[in-house]
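Raw entry.cif, mmCIF, C-alpha atoms:
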data_data
loop_
_atom_site.group_PDB
_atom_site.id
_atom_site.type_symbol
_atom_site.label_atom_id
_atom_site.label_comp_id
_atom_site.auth_asym_id
_atom_site.auth_seq_id
_atom_site.Cartn_x
_atom_site.Cartn_y
_atom_site.Cartn_z
ATOM 1 C CA MET J 1 134.176 92.740 87.189
ATOM 2 C CA ASN J 2 132.681 90.068 89.441
ATOM 3 C CA ALA J 3 130.005 90.748 92.051
ATOM 4 C CA ILE J 4 132.371 91.105 95.022
ATOM 5 C CA GLU J 5 134.694 93.446 93.110
ATOM 6 C CA THR J 6 131.698 95.588 92.136
ATOM 7 C CA LEU J 7 130.444 95.762 95.709
ATOM 8 C CA LEU J 8 133.843 96.717 97.103
ATOM 9 C CA ALA J 9 134.725 99.222 94.376
ATOM 10 C CA ARG J 10 131.416 101.056 93.891
ATOM 11 C CA ARG J 11 131.453 104.785 94.543
ATOM 12 C CA SER J 12 129.069 107.646 93.856
ATOM 13 C CA VAL J 13 129.827 110.054 91.011
ATOM 14 C CA SER J 14 128.507 113.607 91.049
ATOM 15 C CA PRO J 15 126.100 114.409 88.190
ATOM 16 C CA ARG J 16 128.358 117.397 87.447
ATOM 17 C CA LEU J 17 130.902 114.896 86.102
ATOM 18 C CA MET J 18 128.420 113.020 83.906
ATOM 19 C CA LYS J 19 127.907 113.366 80.195
ATOM 20 C CA ALA J 20 126.317 111.563 77.264
ATOM 21 C CA PRO J 21 125.965 108.874 76.241
ATOM 22 C CA GLY J 22 123.733 107.317 78.809
ATOM 23 C CA PRO J 23 122.722 103.676 78.834
ATOM 24 C CA THR J 24 121.440 102.175 75.607
ATOM 25 C CA PRO J 25 117.889 100.752 75.591
ATOM 26 C CA ASP J 26 119.299 97.281 76.233
ATOM 27 C CA GLN J 27 121.479 98.556 79.076
ATOM 28 C CA LEU J 28 118.534 100.433 80.573
ATOM 29 C CA GLN J 29 116.501 97.243 80.496
ATOM 30 C CA THR J 30 119.309 95.449 82.329
ATOM 31 C CA LEU J 31 119.393 98.178 84.983
ATOM 32 C CA LEU J 32 115.654 97.863 85.543
ATOM 33 C CA GLN J 33 115.860 94.084 85.695
ATOM 34 C CA ALA J 34 118.597 94.391 88.316
ATOM 35 C CA GLY J 35 116.362 96.702 90.324
ATOM 36 C CA ALA J 36 113.501 94.245 90.132
ATOM 37 C CA ARG J 37 115.701 91.510 91.646
ATOM 38 C CA ALA J 38 115.940 93.341 94.973
ATOM 39 C CA ALA J 39 115.003 91.823 98.302
ATOM 40 C CA ASP J 40 111.241 92.075 98.658
ATOM 41 C CA HIS J 41 108.997 91.725 101.701
ATOM 42 C CA GLY J 42 106.065 89.454 100.913
ATOM 43 C CA ARG J 43 106.739 89.574 97.186
ATOM 44 C CA LEU J 44 104.803 92.819 96.965
ATOM 45 C CA ARG J 45 107.130 94.271 94.314
ATOM 46 C CA PRO J 46 106.397 97.779 95.625
ATOM 47 C CA TRP J 47 109.026 99.497 93.507
ATOM 48 C CA ARG J 48 108.049 101.734 90.619
ATOM 49 C CA PHE J 49 110.692 102.947 88.151
ATOM 50 C CA ILE J 50 110.040 106.222 86.316
ATOM 51 C CA VAL J 51 112.459 106.900 83.455
ATOM 52 C CA PHE J 52 113.452 110.411 82.344
ATOM 53 C CA GLN J 53 115.473 110.822 79.155
ATOM 54 C CA GLY J 54 115.726 113.550 76.535
ATOM 55 C CA GLU J 55 113.066 116.254 76.787
ATOM 56 C CA ALA J 56 111.378 114.484 79.704
ATOM 57 C CA ARG J 57 114.281 115.630 81.903
ATOM 58 C CA ALA J 58 113.436 119.281 81.171
ATOM 59 C CA GLN J 59 109.790 118.617 81.985
ATOM 60 C CA LEU J 60 110.838 117.041 85.267
ATOM 61 C CA GLY J 61 112.893 120.170 85.988
ATOM 62 C CA GLU J 62 109.826 122.328 85.380
ATOM 63 C CA LEU J 63 107.875 120.170 87.827
ATOM 64 C CA PHE J 64 110.645 120.624 90.404
ATOM 65 C CA ALA J 65 110.564 124.397 89.871
ATOM 66 C CA LEU J 66 106.773 124.566 90.178
ATOM 67 C CA ALA J 67 106.841 122.573 93.398
ATOM 68 C CA ARG J 68 109.630 124.767 94.810
ATOM 69 C CA ARG J 69 107.696 127.937 93.982
ATOM 70 C CA GLN J 70 104.583 126.647 95.732
ATOM 71 C CA ARG J 71 106.280 125.410 98.882
ATOM 72 C CA ASP J 72 108.716 128.319 99.137
ATOM 73 C CA PRO J 73 107.247 131.686 98.057
ATOM 74 C CA SER J 74 110.564 133.366 98.854
ATOM 75 C CA ALA J 75 112.420 131.309 96.203
ATOM 76 C CA THR J 76 114.235 133.507 93.692
ATOM 77 C CA GLU J 77 114.343 132.960 89.956
ATOM 78 C CA ALA J 78 117.884 131.676 90.424
ATOM 79 C CA ASP J 79 116.536 129.108 92.898
ATOM 80 C CA LEU J 80 113.921 127.997 90.367
ATOM 81 C CA ASP J 81 116.493 127.794 87.578
ATOM 82 C CA LYS J 82 118.585 125.557 89.808
ATOM 83 C CA GLU J 83 115.597 123.230 90.215
ATOM 84 C CA ARG J 84 115.010 123.236 86.448
ATOM 85 C CA GLY J 85 118.618 122.288 85.811
ATOM 86 C CA LYS J 86 118.856 119.367 88.214
ATOM 87 C CA PRO J 87 117.571 116.623 85.876
ATOM 88 C CA LEU J 88 119.618 117.964 82.962
ATOM 89 C CA ARG J 89 122.922 117.080 84.605
ATOM 90 C CA ALA J 90 122.818 113.436 83.464
ATOM 91 C CA PRO J 91 121.543 111.742 80.311
ATOM 92 C CA LEU J 92 119.412 109.354 82.375
ATOM 93 C CA VAL J 93 117.425 110.023 85.534
ATOM 94 C CA LEU J 94 115.418 107.296 87.248
ATOM 95 C CA ALA J 95 112.934 107.965 90.018
ATOM 96 C CA VAL J 96 112.608 104.925 92.256
ATOM 97 C CA ALA J 97 109.332 104.957 94.170
ATOM 98 C CA ALA J 98 107.377 102.623 96.414
ATOM 99 C CA ALA J 99 103.678 102.022 95.779
ATOM 100 C CA VAL J 100 102.860 101.662 99.452
ATOM 101 C CA ARG J 101 100.053 99.486 100.782
ATOM 102 C CA GLN J 102 98.730 100.512 104.169
ATOM 103 C CA ASP J 103 96.533 97.448 104.776
ATOM 104 C CA LEU J 104 99.249 94.919 105.610
ATOM 105 C CA GLU J 105 99.935 94.467 109.301
ATOM 106 C CA ALA J 106 102.989 92.250 108.822
ATOM 107 C CA ILE J 107 104.608 94.328 106.056
ATOM 108 C CA ARG J 108 104.710 97.916 107.207
ATOM 109 C CA PRO J 109 105.048 100.907 104.876
ATOM 110 C CA VAL J 110 108.661 101.335 105.981
ATOM 111 C CA ASP J 111 109.385 97.749 104.908
ATOM 112 C CA GLN J 112 107.987 98.514 101.471
ATOM 113 C CA LEU J 113 110.073 101.683 101.198
ATOM 114 C CA LEU J 114 113.177 99.739 102.222
ATOM 115 C CA ALA J 115 112.475 97.270 99.414
ATOM 116 C CA ALA J 116 112.384 100.172 96.945
ATOM 117 C CA GLY J 117 115.680 101.382 98.423
ATOM 118 C CA ALA J 118 117.167 97.943 97.837
ATOM 119 C CA ALA J 119 116.016 98.158 94.213
ATOM 120 C CA ALA J 120 117.717 101.546 93.887
ATOM 121 C CA GLN J 121 120.971 100.129 95.260
ATOM 122 C CA ASN J 122 120.813 97.233 92.801
ATOM 123 C CA ILE J 123 120.516 99.717 89.947
ATOM 124 C CA LEU J 124 123.492 101.716 91.230
ATOM 125 C CA LEU J 125 125.595 98.565 91.400
ATOM 126 C CA ALA J 126 124.562 97.464 87.911
ATOM 127 C CA ALA J 127 125.340 100.906 86.472
ATOM 128 C CA PHE J 128 128.776 100.879 88.076
ATOM 129 C CA ALA J 129 129.456 97.373 86.758
ATOM 130 C CA MET J 130 128.595 98.647 83.246
ATOM 131 C CA GLY J 131 131.143 101.439 83.570
ATOM 132 C CA PHE J 132 128.724 104.333 84.168
ATOM 133 C CA GLY J 133 128.846 106.935 86.870
ATOM 134 C CA ALA J 134 125.766 106.986 89.070
ATOM 135 C CA MET J 135 124.479 108.821 92.123
ATOM 136 C CA TRP J 136 121.410 108.489 94.335
ATOM 137 C CA LEU J 137 119.936 111.865 95.344
ATOM 138 C CA THR J 138 117.021 112.660 97.619
ATOM 139 C CA GLY J 139 115.810 115.956 99.077
ATOM 140 C CA SER J 140 112.556 117.900 99.000
ATOM 141 C CA ASN J 141 111.567 116.623 95.562
ATOM 142 C CA CYS J 142 111.231 113.131 97.041
ATOM 143 C CA HIS J 143 108.663 114.271 99.598
ATOM 144 C CA ASP J 144 106.735 117.093 97.922
ATOM 145 C CA PRO J 145 103.125 115.971 97.270
ATOM 146 C CA ARG J 146 103.010 118.119 94.109
ATOM 147 C CA VAL J 147 105.962 116.214 92.652
ATOM 148 C CA LYS J 148 104.439 112.873 93.585
ATOM 149 C CA HIS J 149 101.155 113.843 91.941
ATOM 150 C CA GLY J 150 102.961 115.092 88.843
ATOM 151 C CA LEU J 151 104.713 111.739 88.517
ATOM 152 C CA GLY J 152 101.447 109.834 88.741
ATOM 153 C CA LEU J 153 102.007 108.503 92.255
ATOM 154 C CA GLN J 154 99.335 108.122 94.901
ATOM 155 C CA GLU J 155 99.195 110.184 98.085
ATOM 156 C CA GLY J 156 100.619 107.433 100.302
ATOM 157 C CA ASP J 157 103.392 106.431 97.900
ATOM 158 C CA GLU J 158 107.003 107.323 98.620
ATOM 159 C CA ILE J 159 109.932 108.296 96.405
ATOM 160 C CA ALA J 160 113.104 106.574 97.582
ATOM 161 C CA GLY J 161 115.282 108.807 95.414
ATOM 162 C CA TYR J 162 116.404 109.907 91.989
ATOM 163 C CA LEU J 163 119.233 107.983 90.339
ATOM 164 C CA TYR J 164 121.449 109.975 87.970
ATOM 165 C CA VAL J 165 123.355 107.854 85.448
ATOM 166 C CA GLY J 166 125.809 108.879 82.735
ATOM 167 C CA SER J 167 129.208 108.404 81.175
ATOM 168 C CA VAL J 168 132.291 109.718 82.972
ATOM 169 C CA ASP J 169 135.884 110.248 81.916
ATOM 170 C CA ASP J 170 137.367 109.209 85.251
ATOM 171 C CA LEU J 171 135.948 107.811 88.442
ATOM 172 C CA PRO J 172 136.618 109.788 91.624
ATOM 173 C CA PRO J 173 138.594 108.067 94.366
ATOM 174 C CA ALA J 174 136.602 105.673 96.493
ATOM 175 C CA ALA J 175 135.779 106.915 99.975
ATOM 176 C CA PRO J 176 137.794 105.005 102.597
ATOM 177 C CA VAL J 177 136.030 102.548 104.893
ATOM 178 C CA ASP J 178 138.649 102.701 107.618
ATOM 179 C CA ASP J 179 136.054 103.207 110.376
ATOM 180 C CA LEU J 180 134.425 99.810 109.834
ATOM 181 C CA PRO J 181 135.471 98.364 113.239
ATOM 182 C CA ALA J 182 133.615 101.198 114.976
ATOM 183 C CA LEU J 183 130.446 100.290 113.087
ATOM 184 C CA VAL J 184 130.443 96.578 113.930
ATOM 185 C CA SER J 185 129.605 94.780 117.159
ATOM 186 C CA HIS J 186 129.408 91.085 117.942
ATOM 187 C CA TRP J 187 126.405 90.440 120.155
ATOM 188 C CA SER J 188 126.809 87.966 122.995
ATOM 189 C CA GLY J 189 123.410 88.159 124.678
ATOM 190 C CA PRO J 190 121.124 90.724 126.266
ATOM 191 C CA SER J 191 122.626 93.368 128.477
ATOM 192 C CA PRO J 192 121.659 93.096 132.136
ATOM 193 C CA PRO J 193 118.805 95.399 133.142
ATOM 194 C CA ALA J 194 119.888 98.740 134.457
ATOM 195 C CA ARG J 195 120.045 98.880 138.245
ATOM 196 C CA PRO J 196 117.851 101.571 139.771
ATOM 197 C CA PRO J 197 119.735 104.296 141.562
ATOM 198 C CA SER J 198 120.233 103.670 145.273
ATOM 199 C CA SER J 199 117.726 105.493 147.409
ATOM 200 C CA ILE J 200 119.057 108.004 149.867
ATOM 201 C CA PRO J 201 117.517 107.700 153.333
#
Please rewrite the model in this file as structure tokens.
Amino acid sequence: MNAIETLLARRSVSPRLMKAPGPTPDQLQTLLQAGARAADHGRLRPWRFIVFQGEARAQLGELFALARRQRDPSATEADLDKERGKPLRAPLVLAVAAAVRQDLEAIRPVDQLLAAGAAAQNILLAAFAMGFGAMWLTGSNCHDPRVKHGLGLQEGDEIAGYLYVGSVDDLPPAAPVDDLPALVSHWSGPSPPARPPSSIP
């Protein structure tokens, strides 16, 4: 599959459809190398890739459950079990984070987070090209300071998302892109300033 075919055919696959095997060590290395080739503001290389395989996925689930219990005292045991089970749905989970520098006037924190997002997208594309199912998930576990601390991140760092990667029997249908014309405009110069409303004598 060439690059254009991969870009046009890529689709997300729910972790519920994933199963072992996950990527081999060589394939994982290729995924990470693809991530590290992302567009990068100022060559900061802000992305950080945290790999969860085997028992580490269960430990990540325990961290999710602990964070949920602390931020939501009303969470039931079923809620906590759901958190514990999230990382177990795929043989490989990758957290993609941004080690954010706050001291750069020209490269804002949001620019650094966008670079990490570009790295995550590169990994998704590489996984799809290899024949794996993959999905990018976010949510409270991207923003909870307890999770960040548990993953060894600093207070100002950001988690762009968790990438779930695994084998699938069949790919789901690709979502249509039939609304593309409504999302595109061709700019032809600034709009004229708005005229103030006429005053009424």
Legend entry - Shell of 9 Å around range 46-63 of chain J, all atoms listed in the file, local chain residues under 4 positions omitted, as a PyMOL selection string: chain J and resi 22+32+35-36+40-41+67-68+80-88+90-101+112-113+115-117+119-120+146-147+150-151+159
Restricting it to C-alpha atoms, dump the selection as a PDB file, in the frame of the given file.
ATOM      1  CA  GLY J  22     123.733 107.317  78.809  1.00  0.00           C
ATOM      2  CA  LEU J  32     115.654  97.863  85.543  1.00  0.00           C
ATOM      3  CA  GLY J  35     116.362  96.702  90.324  1.00  0.00           C
ATOM      4  CA  ALA J  36     113.501  94.245  90.132  1.00  0.00           C
ATOM      5  CA  ASP J  40     111.241  92.075  98.658  1.00  0.00           C
ATOM      6  CA  HIS J  41     108.997  91.725 101.701  1.00  0.00           C
ATOM      7  CA  ALA J  67     106.841 122.573  93.398  1.00  0.00           C
ATOM      8  CA  ARG J  68     109.630 124.767  94.810  1.00  0.00           C
ATOM      9  CA  LEU J  80     113.921 127.997  90.367  1.00  0.00           C
ATOM     10  CA  ASP J  81     116.493 127.794  87.578  1.00  0.00           C
ATOM     11  CA  LYS J  82     118.585 125.557  89.808  1.00  0.00           C
ATOM     12  CA  GLU J  83     115.597 123.230  90.215  1.00  0.00           C
ATOM     13  CA  ARG J  84     115.010 123.236  86.448  1.00  0.00           C
ATOM     14  CA  GLY J  85     118.618 122.288  85.811  1.00  0.00           C
ATOM     15  CA  LYS J  86     118.856 119.367  88.214  1.00  0.00           C
ATOM     16  CA  PRO J  87     117.571 116.623  85.876  1.00  0.00           C
ATOM     17  CA  LEU J  88     119.618 117.964  82.962  1.00  0.00           C
ATOM     18  CA  ALA J  90     122.818 113.436  83.464  1.00  0.00           C
ATOM     19  CA  PRO J  91     121.543 111.742  80.311  1.00  0.00           C
ATOM     20  CA  LEU J  92     119.412 109.354  82.375  1.00  0.00           C
ATOM     21  CA  VAL J  93     117.425 110.023  85.534  1.00  0.00           C
ATOM     22  CA  LEU J  94     115.418 107.296  87.248  1.00  0.00           C
ATOM     23  CA  ALA J  95     112.934 107.965  90.018  1.00  0.00           C
ATOM     24  CA  VAL J  96     112.608 104.925  92.256  1.00  0.00           C
ATOM     25  CA  ALA J  97     109.332 104.957  94.170  1.00  0.00           C
ATOM     26  CA  ALA J  98     107.377 102.623  96.414  1.00  0.00           C
ATOM     27  CA  ALA J  99     103.678 102.022  95.779  1.00  0.00           C
ATOM     28  CA  VAL J 100     102.860 101.662  99.452  1.00  0.00           C
ATOM     29  CA  ARG J 101     100.053  99.486 100.782  1.00  0.00           C
ATOM     30  CA  GLN J 112     107.987  98.514 101.471  1.00  0.00           C
ATOM     31  CA  LEU J 113     110.073 101.683 101.198  1.00  0.00           C
ATOM     32  CA  ALA J 115     112.475  97.270  99.414  1.00  0.00           C
ATOM     33  CA  ALA J 116     112.384 100.172  96.945  1.00  0.00           C
ATOM     34  CA  GLY J 117     115.680 101.382  98.423  1.00  0.00           C
ATOM     35  CA  ALA J 119     116.016  98.158  94.213  1.00  0.00           C
ATOM     36  CA  ALA J 120     117.717 101.546  93.887  1.00  0.00           C
ATOM     37  CA  ARG J 146     103.010 118.119  94.109  1.00  0.00           C
ATOM     38  CA  VAL J 147     105.962 116.214  92.652  1.00  0.00           C
ATOM     39  CA  GLY J 150     102.961 115.092  88.843  1.00  0.00           C
ATOM     40  CA  LEU J 151     104.713 111.739  88.517  1.00  0.00           C
ATOM     41  CA  ILE J 159     109.932 108.296  96.405  1.00  0.00           C
TER      42      ILE J 159
END
Inset, instruction - Step by step, work through what the PyMOL selection byres ((chain J and resi 173) around 12) selects in the shown file, and finish by giving those residues as a ChimeraX atom specification. - result: /J:9-14,170-172,174-176
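Note that the spacing between CA of Thr30 in chain J and CA of Pro15 in chain J amounts to 21.0 Å.
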Legend entry - Å distance separating CA of Asn141 in chain J from CA of Arg69 in chain J, one decimal place: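 Computed distance, CA of Asn141 in chain J to CA of Arg69 in chain J, equals 12.1 Å.
Using the PyMOL selection byres ((chain J and resi 131-138) around 6) on the file at hand returns these residues: Ser12, Val13, Ala127, Phe128, Ala129, Met130, Gly139, Cys142, Gly161, Tyr162, Leu163, Tyr164, Val165, Gly166, Ser167 and Val168 of chain J.
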Inset, instruction - Have a look at CA of Leu153 in chain J and CA of Arg45 in chain J and let me know their distance in Å, one decimal. - result: 15.3 Å
If the box runs along x, y and z of the file and leaves 3 Å on each side of range 42-60 of chain J, what are its centre and edge lengths in Å, one decimal, as JSON?
{"center_x": 110.3, "center_y": 104.4, "center_z": 88.7, "size_x": 16.9, "size_y": 35.8, "size_z": 30.4}
Inset, instruction - Compare J:Gly152, J:Arg89, J:Asp111, J:Leu8 by their minimum atom-to-atom distance to Arg43 in chain J, counting only C-alpha atoms, and give me the closest one. - result: J:Asp111
Legend entry - Pick from J:Val177, J:Ala20, J:Ile107, J:Ala126, whichever lies nearest to Thr6 in chain J using all atoms listed in the file: J:Ala126
Complete the atom set of range 155-166 of chain J to N, CA and C atoms and return it as an mmCIF file, keeping the file's coordinate frame.
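Full text of selection-v4.cif as output:
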data_model
loop_
_atom_site.group_PDB
_atom_site.id
_atom_site.type_symbol
_atom_site.label_atom_id
_atom_site.label_comp_id
_atom_site.auth_asym_id
_atom_site.auth_seq_id
_atom_site.Cartn_x
_atom_site.Cartn_y
_atom_site.Cartn_z
ATOM 1 N N GLU J 155 98.867 109.360 96.924
ATOM 2 C CA GLU J 155 99.195 110.184 98.085
ATOM 3 C C GLU J 155 100.097 109.455 99.073
ATOM 4 N N GLY J 156 99.832 108.162 99.312
ATOM 5 C CA GLY J 156 100.619 107.433 100.302
ATOM 6 C C GLY J 156 101.897 106.822 99.766
ATOM 7 N N ASP J 157 102.170 106.981 98.477
ATOM 8 C CA ASP J 157 103.392 106.431 97.900
ATOM 9 C C ASP J 157 104.604 107.253 98.339
ATOM 10 N N GLU J 158 105.763 106.655 98.219
ATOM 11 C CA GLU J 158 107.003 107.323 98.620
ATOM 12 C C GLU J 158 108.018 107.252 97.486
ATOM 13 N N ILE J 159 108.823 108.293 97.354
ATOM 14 C CA ILE J 159 109.932 108.296 96.405
ATOM 15 C C ILE J 159 111.210 108.040 97.190
ATOM 16 N N ALA J 160 111.862 106.920 96.885
ATOM 17 C CA ALA J 160 113.104 106.574 97.582
ATOM 18 C C ALA J 160 114.254 107.465 97.135
ATOM 19 N N GLY J 161 114.219 107.935 95.899
ATOM 20 C CA GLY J 161 115.282 108.807 95.414
ATOM 21 C C GLY J 161 115.296 108.882 93.904
ATOM 22 N N TYR J 162 116.167 109.747 93.420
ATOM 23 C CA TYR J 162 116.404 109.907 91.989
ATOM 24 C C TYR J 162 117.817 109.419 91.698
ATOM 25 N N LEU J 163 117.935 108.519 90.738
ATOM 26 C CA LEU J 163 119.233 107.983 90.339
ATOM 27 C C LEU J 163 119.685 108.677 89.065
ATOM 28 N N TYR J 164 120.849 109.302 89.123
ATOM 29 C CA TYR J 164 121.449 109.975 87.970
ATOM 30 C C TYR J 164 122.514 109.053 87.391
ATOM 31 N N VAL J 165 122.451 108.810 86.082
ATOM 32 C CA VAL J 165 123.355 107.854 85.448
ATOM 33 C C VAL J 165 123.898 108.456 84.157
ATOM 34 N N GLY J 166 125.216 108.376 83.971
ATOM 35 C CA GLY J 166 125.809 108.879 82.735
ATOM 36 C C GLY J 166 127.244 108.415 82.574
#
